[in-house]
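Note sheet for the following structure.
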Amino acid sequence: MPLAAWFARSQPQAGAPGLRALGVGAEEWRSVMRDVQRASGRLLALWASRDAQSDTVHALVLAGSQGLHITLALREPQASYPGIEDLFPAAARLQRALRDLSGVDAVDPDRRPWLRHACWPQGYRPLIDAPVPPPATAVVDQYEFVRVGGEGVHEIAVGPVHAGTIEPGHFRFSVVGEKVLRLEERLGYTHKGIEQHFARLPILTGHRLAARICGDSTVAYSWAYVQALEAMAAVEVPRRSTWLRALCLELERLANHLGDLGALGNDAGFAFGLSQFSRLKELLLRATQAALGSRYLMDVIVPGGTHCDLADPGAAQLAQCVRMLAAATAQLRTIYDEHEGLRDRFAGAGTVTPDLAARLGLIGLAGRASGQRFDVRVDLPCGPYPDLAPVTCARLEGDVAARVAVRFDEVQESCRLIHEILANLPGGMHRAAMAVPPAGATGIGLIEGWRGPVMLALQAGEAGAIHRCHPHDPSWQNWPVIEHAIIGNIVPDFPLINKSFNLAYSGHDL
């Protein structure tokens, strides 16, 4: 049936604006998913929950300016459900992770474990079963990588342990000479048990853990958490606090883009870019601390509003800093654009065409660089973004150069938004009293982080507890796309291509 008919059957969903809730049966699960796919919709997240010994599969899909939270209640515990990876390729890993964590199995061909890594017994369900001690001896599972045959084909294994402080990830290249025929990733080596830990916390303090899910997206995750919580509790937050939250989100976006632009220059052999953007990022972090009391804004967003207000002297310093950043990055962009070495490394590397991006579900910054003009701040905005009218920054080329260009564009747009917020910040309180939501209430937060849409689904338990909390990072959708972006490129270009996406290991492995 038309997608509009499914929306007509749905009910309002507490949480982010524009979301609806729809319960379906097993025979309807693939039908609604197929209709979403035909309408060029996006699968954003897939997870499971258990109530009264019954399992429920959840999906959040986005279509235009609306979102649909679809639930499928399984008749029997651990019953299988129809797979959807043929409709949404990103569902393959989501379904495998869901099986590893909850024991709920999709009927799809790829049945390899994704998160388990032999770290818990076969058949154990971390989100459902009682805790078990770790194995007495380390076990190495024999993961079945896809092999590529043919004359002159050989494999290069990279990771999972890398230099520096990044988290582990394994990359298996099949190459002829230096040209890549295939890349297969394996992630999830440091499963931290964050979803399990949420269920041990009071619901009014869970925002602190949300802020620590992924350190470079602390504002996006904490805002998604409190957005869901406040909607469940029917708490209206002060208007000033929503503007302060947007200020924090744009500062987080700006800091990450400055860091990435420097790192991308360095990966292409242009150390000058790294030094200049590192200097600018440090100046921004200092101004952020002077204005809001924290360099990385962890724990600034709290239930009911913000932990702190904007200090007057710090606000003036922040405004001055952002004006300087806008001018400096414009000058550095000219240098990047005119540097022959950078142009040679960036242009044509790691190309993801708009058609491929649409089929694979590429989202966020990387998606916008490949013609996918979706931005939650524009398409499903929460306050104050309708008043700020942000501009979607997008390109069509889909290569490293396009992803760099989108970052430069978004730096300028975030500087504009920050000036708008500082100039028009509403008066009044910055925090309201917070109530505990009723048991069984569910809410979904959806915030456009700097990588892309960050989602968090929250379900209240008894007596102010958390029954279930599922965070979702946009890296889930985008990691598989890198496997396609590298095909036909040479192995030495992989670090540059990988950095141009700059996806999260930590946000992917909870």
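Following the order of the structure tokens, chains are lettered A, B, ..., residues in each are numbered from 1, and ligands are numbered from 1.
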Practice item. Would you kindly return, as a list in words, each protein, DNA or RNA residue with an atom no farther than 9 Å from any atom of A:Pro126, considering only C-alpha atoms and excluding same-chain residues fewer than 3 positions away? Key: Asp100, Leu101, Ser102, Gly103, Trp120, Asp129, Ala130, Pro131, Val132, Gly193 and Gln196 of chain A
Practice item. Based on DSSP run over this structure's backbone, return all residues of stretch 225-332 of chain A in helix (DSSP H, G or I), as number ranges by chain. Key: A: 225-232, 239-267, 271-292, 312-332
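The smallest atom-to-atom distance between A:Pro426 and any of A:Thr137, A:Ser241, A:Thr288, A:Thr334, using only C-alpha atoms, is found for A:Ser241.
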Closest contacts (stretch 138-253 of chain A/stretch 476-494 of chain A, max 9 Å, only C-alpha atoms) as JSON lines:
```
{"residue": "A:Phe173", "atom": "CA", "partner": "A:Val491", "partner_atom": "CA", "distance": 8.2}
{"residue": "A:Val175", "atom": "CA", "partner": "A:Val491", "partner_atom": "CA", "distance": 8.2}
{"residue": "A:Gly177", "atom": "CA", "partner": "A:Ile490", "partner_atom": "CA", "distance": 8.6}
{"residue": "A:Glu178", "atom": "CA", "partner": "A:Ile490", "partner_atom": "CA", "distance": 5.0}
{"residue": "A:Lys179", "atom": "CA", "partner": "A:Ile490", "partner_atom": "CA", "distance": 4.4}
{"residue": "A:Val180", "atom": "CA", "partner": "A:Ile487", "partner_atom": "CA", "distance": 5.3}
{"residue": "A:Leu181", "atom": "CA", "partner": "A:Ile487", "partner_atom": "CA", "distance": 5.6}
{"residue": "A:Arg182", "atom": "CA", "partner": "A:Ile487", "partner_atom": "CA", "distance": 6.1}
{"residue": "A:Leu183", "atom": "CA", "partner": "A:Glu483", "partner_atom": "CA", "distance": 5.1}
{"residue": "A:Glu184", "atom": "CA", "partner": "A:Glu483", "partner_atom": "CA", "distance": 6.3}
{"residue": "A:Glu185", "atom": "CA", "partner": "A:Glu483", "partner_atom": "CA", "distance": 7.4}
```
Practice item. Write out as a ChimeraX atom specification which residues come within 8 Å of A:Gly364 when counting only C-alpha atoms, dropping same-chain ones fewer than 6 positions away. Key: /A:374-375,448,450-453,474
Practice item. Point out the residue among A:Glu250, A:Tyr296, A:Gly428, A:Ile70 with the least atom-to-atom distance to A:Gln11, counting only C-alpha atoms. Key: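 With only C-alpha atoms as the atom set, the closest residue is A:Ile70.
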Exercise for review: Point out the residue among A:Tyr385, A:Tyr505, A:Phe145, A:Trp243 with the least atom-to-atom distance to A:Met429, counting only C-alpha atoms.
Suggested key: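 The shortest atom-to-atom distance to A:Met429 comes from A:Trp243.
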Check your understanding: What separation in Å, quoted to one decimal, exists between atom CA of A:Asp344 and atom CA of A:Ala327?
Key ->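 Going from atom CA of A:Asp344 over to atom CA of A:Ala327 covers 25.5 Å.
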Practice item. For atom CA of A:Arg186 and atom CA of A:Ala402, quote the distance in Å rounded to one decimal. Key: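 These two atoms are separated by 26.5 Å.
Minimum atom-to-atom distance to A:Gly305, evaluated using only C-alpha atoms, belongs to A:Arg431 out of A:His58, A:Arg96, A:His472, A:Arg431.
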Practice item. Please identify all polymer residues within 8 Å of A:His170, counting only C-alpha atoms, omitting same-chain residues fewer than 2 positions from it, and present them as a count of residues only. Key: 10
Point to revise | Residue neighbourhood A:Arg208, 9 Å, only C-alpha atoms, exclusion window fewer than 6 positions, as a list of chain:residue names | key: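 Listed by chain and then number, they are A:Ser222, A:Met298, A:Asp299, A:Val302.
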Written selection (N, CA and C atoms) as a short mmCIF file (atom, residue, chain, number, x, y, z; two decimals), in the first residue's frame:
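This is the output file selection01.cif:
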```
data_model
loop_
_atom_site.label_atom_id
_atom_site.label_comp_id
_atom_site.auth_asym_id
_atom_site.auth_seq_id
_atom_site.Cartn_x
_atom_site.Cartn_y
_atom_site.Cartn_z
N SER A 222 23.67 13.23 24.36
CA SER A 222 22.98 13.67 25.57
C SER A 222 21.70 14.41 25.21
N MET A 298 30.68 18.07 27.84
CA MET A 298 30.13 16.88 28.45
C MET A 298 29.34 17.27 29.71
N ASP A 299 28.13 16.78 29.83
CA ASP A 299 27.24 17.03 30.97
C ASP A 299 26.65 18.44 30.99
N VAL A 302 21.24 18.56 30.26
CA VAL A 302 20.68 17.76 31.34
C VAL A 302 19.16 17.72 31.19
#
```
Check your understanding: DSSP says strand (DSSP E) for which residues of stretch 203-389 of chain A? Put them as a VMD selection string?
Key -> chain A and resid 301 to 302 305 to 306
